[in-house]
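J.: Can you keep this structure in mind? I'll have questions shortly.
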Amino acid sequence: MAYSSDHSSSRKIDTKLIHFGAAFDKATGASSVPIYQASTFHQEDISNPPLHDYSRSGNPTRQALEDYIALLEGGAKGYAFASGMAAISTAFLILSAGDHVIVTEDVYGGTYRFLTTVLNRMNIEISFVDMTDLDQVKNALRPNTRAVYMETPSNPTLKITDIGAVTAWAKEHHLLTMVDNTFMTPYYQRPIEMGVDIVLHSATKFLGGHSDVLAGLAVARTPEIGAQLKHLQNGLGTVLGPQDCWLLIRGMKTLAARMNHSEKSTAKLAQWLNERNDIEAVYYPGLESHPGATIHASQSSGAGSVLSFDVGSGERAKKVLDSVQIPLVAVSLGAVESILSYPATMSHAAMGEGVRKERGITDGLLRFSVGLEDIDDLIADLEQALQD
């Protein structure tokens, strides 16, 4: 069965996270969405097929999740995929051979790899631009431009794109707009309310929140765009299984509590790093010194729980990675445990060294995803790791 929400759109997101239309099973009263571990569904009457017939095309547990993220983002339709990259690549496949797309230059490494090694072979042209400068976006327009892809804050240098300004310009030229909203989640930022056509998530990160599920989500602003995504999702088969859908739903229920706690800790950590004279740079939109702070505050209700900082050299970065005791040293972010990453060899290894340096991804850059540990413990641990 499909789950639908009768909740008022005026309810705050903290309430929607808990009461989303499938918070309990209406058939039994069970306090969580059932896991429909089925690949196919019996049809009582083939002249009147049921809503679900085969789990690649639709599954009740997945439907609950897809309705859930659509509610949170304020979109018409939501879709759940096997990973964040599955969601992102599916959205790009709305484009056709000969099309051109304008993309944030310091985009996530996996997205960069897909665009430069897969999509380019399909005769789809890509222009990477610094989207902190609207003029650069405008100057990238070509007769065959069909879409604009934003990532804000960007990964890992947390540059800020003015979503409303870019989207307004894109609409003047009838361009499809997409935003990777992984860092902010709908708790802090809802691009569809600013006119964006497709919002994408690596739900593995903050939405799941527990480093135990791989998932991607896409939300369409209109039913028409949703139908395009659904056609591709079904045709490609890049769907999320029911067990993982259930895990993601469970994780999303605590999103508000996790984001609030981690953001407060991140702000304290950012300020501490910013006051040190042995740190080359700190990238966090919650700092007043961040060049995109004002724009970010105008379109997001929080600064999030990820920051990056440059310790000056690759040698020192590796020393810090070897010395920390509390954070995981790992790929990924957005979990209950803090995660310290090295973009040069982890998230952005797919970028060549020259491209990384052009985008400010130096050998000394570390990315810190702040979890739920006591922030004073995290700072003390980082302080001992930074000691020469």
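Lettering and numbering for the structure tokens are positional, with chains as A, B, ... in the shown order, residues counted from 1 in each chain, and ligands counted from 1 in the shown order.
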Using the chain letters and numbers from this document, which residues of range 80-229 of chain A does DSSP assign to strand (DSSP E), as a ChimeraX atom specification?
T.: /A:80-81,100-104,125-129,145-151,176-180,198-202,216-220
J.: Output C-alpha atoms for every residue in the selection just made, as a short mmCIF file (atom, residue, chain, number, x, y, z; two decimals), in the first residue's frame.
T.:
data_model
loop_
_atom_site.label_atom_id
_atom_site.label_comp_id
_atom_site.auth_asym_id
_atom_site.auth_seq_id
_atom_site.Cartn_x
_atom_site.Cartn_y
_atom_site.Cartn_z
CA ALA A 80 15.05 6.21 -3.33
CA PHE A 81 18.19 4.81 -4.92
CA HIS A 100 25.44 20.90 -22.14
CA VAL A 101 25.33 21.30 -18.34
CA ILE A 102 26.92 23.90 -16.06
CA VAL A 103 28.33 22.39 -12.86
CA THR A 104 29.81 23.68 -9.60
CA GLU A 125 29.22 18.51 -22.48
CA ILE A 126 30.21 19.77 -19.02
CA SER A 127 31.43 23.22 -17.94
CA PHE A 128 32.79 23.50 -14.41
CA VAL A 129 32.50 27.03 -13.05
CA THR A 145 22.82 24.30 -22.35
CA ARG A 146 20.02 22.32 -20.71
CA ALA A 147 20.80 22.20 -16.99
CA VAL A 148 22.63 23.74 -14.04
CA TYR A 149 23.96 21.55 -11.24
CA MET A 150 24.73 23.14 -7.86
CA GLU A 151 26.38 21.81 -4.73
CA LEU A 176 16.69 22.34 -15.47
CA THR A 177 18.17 23.05 -12.03
CA MET A 178 19.59 20.46 -9.62
CA VAL A 179 21.10 20.80 -6.13
CA ASP A 180 23.08 18.32 -4.07
CA ILE A 198 15.55 18.35 -8.48
CA VAL A 199 17.12 17.97 -5.03
CA LEU A 200 19.59 15.15 -4.47
CA HIS A 201 21.04 13.48 -1.38
CA SER A 202 23.64 10.99 -0.47
CA GLY A 216 20.50 8.01 -2.30
CA LEU A 217 17.39 10.16 -2.61
CA ALA A 218 16.00 12.48 -5.26
CA VAL A 219 13.03 14.83 -4.98
CA ALA A 220 11.26 16.40 -7.96
#
J.: Range 112-114 of chain A: which residues within 12 Å, counting only C-alpha atoms, same-chain residues fewer than 2 positions away excluded, as a VMD selection string?
T.: chain A and resid 85 to 93 103 to 110 116 to 122 124 126 to 128 149 151 155 347 to 352 355 to 356
J.: Residues near Gln43 in chain A, anyone? I mean within 8 Å using only C-alpha atoms, not counting same-chain ones fewer than 5 positions away, as a list of chain:residue names.
T.: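 Those residues are A:Pro49, A:Pro50, A:Asp53.
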J.: Which polymer residues have any atom within 7 Å of an atom of Leu372 in chain A, counting only C-alpha atoms, with same-chain residues fewer than 5 positions away left out, as a list in words?
T.: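 These residues fall inside the cut-off: His261, Ser262, Val336 and Glu337 of chain A.
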J.: Do you know which residues are at most 12 Å from Arg56 in chain A counting only C-alpha atoms, after dropping those on the same chain fewer than 4 positions away, and could you put them as a list in words?
T.: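 Returned residues: Ala38, Ser39, Thr40, Phe41, His52, Pro60, Arg62, Gln63, Tyr79, Ala80, Phe81, Ala82, Lys230, His231, Leu232, Gln233, Asn234, Gly235, Leu236, Gly237, Thr238, Val239, Leu240, Gly241 and Pro242 of chain A.
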J.: Would you output that residue set with N, CA, C and O atoms, as an mmCIF file, in the first residue's frame?
T.:
data_model
loop_
_atom_site.group_PDB
_atom_site.id
_atom_site.type_symbol
_atom_site.label_atom_id
_atom_site.label_comp_id
_atom_site.auth_asym_id
_atom_site.auth_seq_id
_atom_site.Cartn_x
_atom_site.Cartn_y
_atom_site.Cartn_z
ATOM 1 N N ALA A 38 9.672 -8.456 -0.261
ATOM 2 C CA ALA A 38 9.054 -9.216 -1.340
ATOM 3 C C ALA A 38 9.526 -8.673 -2.681
ATOM 4 O O ALA A 38 9.658 -7.461 -2.847
ATOM 5 N N SER A 39 9.757 -9.561 -3.613
ATOM 6 C CA SER A 39 10.158 -9.130 -4.947
ATOM 7 C C SER A 39 8.962 -8.953 -5.870
ATOM 8 O O SER A 39 9.013 -8.184 -6.831
ATOM 9 N N THR A 40 7.873 -9.661 -5.580
ATOM 10 C CA THR A 40 6.699 -9.578 -6.440
ATOM 11 C C THR A 40 5.434 -9.623 -5.599
ATOM 12 O O THR A 40 5.479 -9.976 -4.407
ATOM 13 N N PHE A 41 4.299 -9.263 -6.193
ATOM 14 C CA PHE A 41 3.051 -9.113 -5.448
ATOM 15 C C PHE A 41 1.919 -9.796 -6.209
ATOM 16 O O PHE A 41 1.755 -9.604 -7.425
ATOM 17 N N HIS A 52 1.379 -2.017 -6.412
ATOM 18 C CA HIS A 52 2.708 -2.603 -6.511
ATOM 19 C C HIS A 52 2.609 -3.972 -7.170
ATOM 20 O O HIS A 52 1.783 -4.797 -6.783
ATOM 21 N N PRO A 60 6.210 -1.117 -1.064
ATOM 22 C CA PRO A 60 5.546 -0.295 -0.040
ATOM 23 C C PRO A 60 6.497 0.348 0.962
ATOM 24 O O PRO A 60 6.272 1.485 1.384
ATOM 25 N N ARG A 62 9.649 1.168 0.358
ATOM 26 C CA ARG A 62 10.327 2.241 -0.365
ATOM 27 C C ARG A 62 9.391 3.420 -0.610
ATOM 28 O O ARG A 62 9.788 4.575 -0.550
ATOM 29 N N GLN A 63 8.119 3.105 -0.873
ATOM 30 C CA GLN A 63 7.149 4.173 -1.093
ATOM 31 C C GLN A 63 7.012 5.060 0.139
ATOM 32 O O GLN A 63 6.905 6.288 0.043
ATOM 33 N N TYR A 79 12.223 9.797 -4.703
ATOM 34 C CA TYR A 79 12.679 8.506 -5.220
ATOM 35 C C TYR A 79 13.911 8.059 -4.448
ATOM 36 O O TYR A 79 14.803 8.864 -4.167
ATOM 37 N N ALA A 80 13.961 6.768 -4.128
ATOM 38 C CA ALA A 80 15.048 6.210 -3.331
ATOM 39 C C ALA A 80 15.923 5.307 -4.203
ATOM 40 O O ALA A 80 15.414 4.456 -4.944
ATOM 41 N N PHE A 81 17.231 5.501 -4.078
ATOM 42 C CA PHE A 81 18.192 4.813 -4.923
ATOM 43 C C PHE A 81 19.214 4.046 -4.078
ATOM 44 O O PHE A 81 19.349 4.285 -2.878
ATOM 45 N N ALA A 82 19.965 3.192 -4.747
ATOM 46 C CA ALA A 82 20.906 2.318 -4.062
ATOM 47 C C ALA A 82 22.095 3.056 -3.465
ATOM 48 O O ALA A 82 22.790 2.513 -2.609
ATOM 49 N N LYS A 230 11.198 8.731 -12.359
ATOM 50 C CA LYS A 230 10.623 7.405 -12.139
ATOM 51 C C LYS A 230 10.911 6.487 -13.313
ATOM 52 O O LYS A 230 11.250 5.307 -13.131
ATOM 53 N N HIS A 231 10.783 7.016 -14.526
ATOM 54 C CA HIS A 231 11.054 6.222 -15.724
ATOM 55 C C HIS A 231 12.497 5.718 -15.722
ATOM 56 O O HIS A 231 12.766 4.544 -16.022
ATOM 57 N N LEU A 232 13.417 6.591 -15.356
ATOM 58 C CA LEU A 232 14.828 6.208 -15.306
ATOM 59 C C LEU A 232 15.114 5.253 -14.157
ATOM 60 O O LEU A 232 15.853 4.270 -14.314
ATOM 61 N N GLN A 233 14.531 5.528 -12.996
ATOM 62 C CA GLN A 233 14.738 4.646 -11.836
ATOM 63 C C GLN A 233 14.289 3.224 -12.153
ATOM 64 O O GLN A 233 14.989 2.249 -11.864
ATOM 65 N N ASN A 234 13.133 3.110 -12.769
ATOM 66 C CA ASN A 234 12.588 1.795 -13.100
ATOM 67 C C ASN A 234 13.394 1.137 -14.213
ATOM 68 O O ASN A 234 13.696 -0.064 -14.163
ATOM 69 N N GLY A 235 13.791 1.922 -15.209
ATOM 70 C CA GLY A 235 14.533 1.370 -16.331
ATOM 71 C C GLY A 235 15.938 0.941 -15.964
ATOM 72 O O GLY A 235 16.428 -0.086 -16.436
ATOM 73 N N LEU A 236 16.596 1.725 -15.113
ATOM 74 C CA LEU A 236 17.958 1.403 -14.700
ATOM 75 C C LEU A 236 17.992 0.385 -13.557
ATOM 76 O O LEU A 236 18.979 -0.325 -13.379
ATOM 77 N N GLY A 237 16.938 0.356 -12.776
ATOM 78 C CA GLY A 237 16.876 -0.599 -11.667
ATOM 79 C C GLY A 237 17.749 -0.242 -10.490
ATOM 80 O O GLY A 237 18.091 -1.107 -9.678
ATOM 81 N N THR A 238 18.067 1.036 -10.356
ATOM 82 C CA THR A 238 18.993 1.472 -9.292
ATOM 83 C C THR A 238 18.251 1.777 -7.994
ATOM 84 O O THR A 238 18.455 2.817 -7.379
ATOM 85 N N VAL A 239 17.394 0.870 -7.566
ATOM 86 C CA VAL A 239 16.492 1.135 -6.449
ATOM 87 C C VAL A 239 17.114 0.709 -5.118
ATOM 88 O O VAL A 239 18.029 -0.112 -5.066
ATOM 89 N N LEU A 240 16.580 1.275 -4.054
ATOM 90 C CA LEU A 240 17.002 0.914 -2.697
ATOM 91 C C LEU A 240 16.133 -0.228 -2.185
ATOM 92 O O LEU A 240 14.904 -0.189 -2.299
ATOM 93 N N GLY A 241 16.777 -1.241 -1.606
ATOM 94 C CA GLY A 241 16.041 -2.388 -1.086
ATOM 95 C C GLY A 241 15.235 -2.042 0.152
ATOM 96 O O GLY A 241 15.533 -1.080 0.861
ATOM 97 N N PRO A 242 14.197 -2.829 0.458
ATOM 98 C CA PRO A 242 13.306 -2.511 1.565
ATOM 99 C C PRO A 242 13.976 -2.473 2.933
ATOM 100 O O PRO A 242 13.627 -1.650 3.776
#
J.: Taking only C-alpha atoms into account, which of A:Gly251, A:Gly209, A:Gly364, A:Pro285 comes nearest Ala344 in chain A?
T.: A:Gly364
J.: Identify which of the residues A:Leu207, A:Leu65, A:Val370, A:Ala70 lies closest to Ala256 in chain A, counting only C-alpha atoms when measuring atom-to-atom distances.
T.: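 Using only C-alpha atoms, the shortest distance to Ala256 in chain A belongs to A:Leu207.
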J.: Using only C-alpha atoms, which protein or nucleic acid residues come within 12 Å of Tyr68 in chain A? Drop anything in the same chain fewer than 6 positions from it, and give the result as an NGL selection string.
T.: :A and (2-7 or 13 or 16-23 or 33 or 61-62 or 74-80 or 186 or 207 or 217-219 or 245-246 or 248-250 or 252-253)
J.: CA of Glu275 in chain A and CA of Ser313 in chain A, how far apart in Å?
T.: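 Distance reported for this atom pair: 18.8 Å.
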J.: What is the CA of Ala270 in chain A to CA of Arg367 in chain A distance in Å?
T.: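 The value is 11.6 Å.
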J.: Measuring between only C-alpha atoms, which one of A:Glu193, A:Asp377, A:Asp14, A:Asp133 shows the shortest distance to Pro291 in chain A?
T.: A:Asp133
J.: Give me, as a PyMOL selection string, all polymer residues having an atom no more than 12 Å from Lys205 in chain A, counting only C-alpha atoms and skipping those fewer than 4 positions away in the same chain.
T.: chain A and resi 83-84+181-185+201+209-217+248+251-252+255+258-259+305-306+331-339+369-371
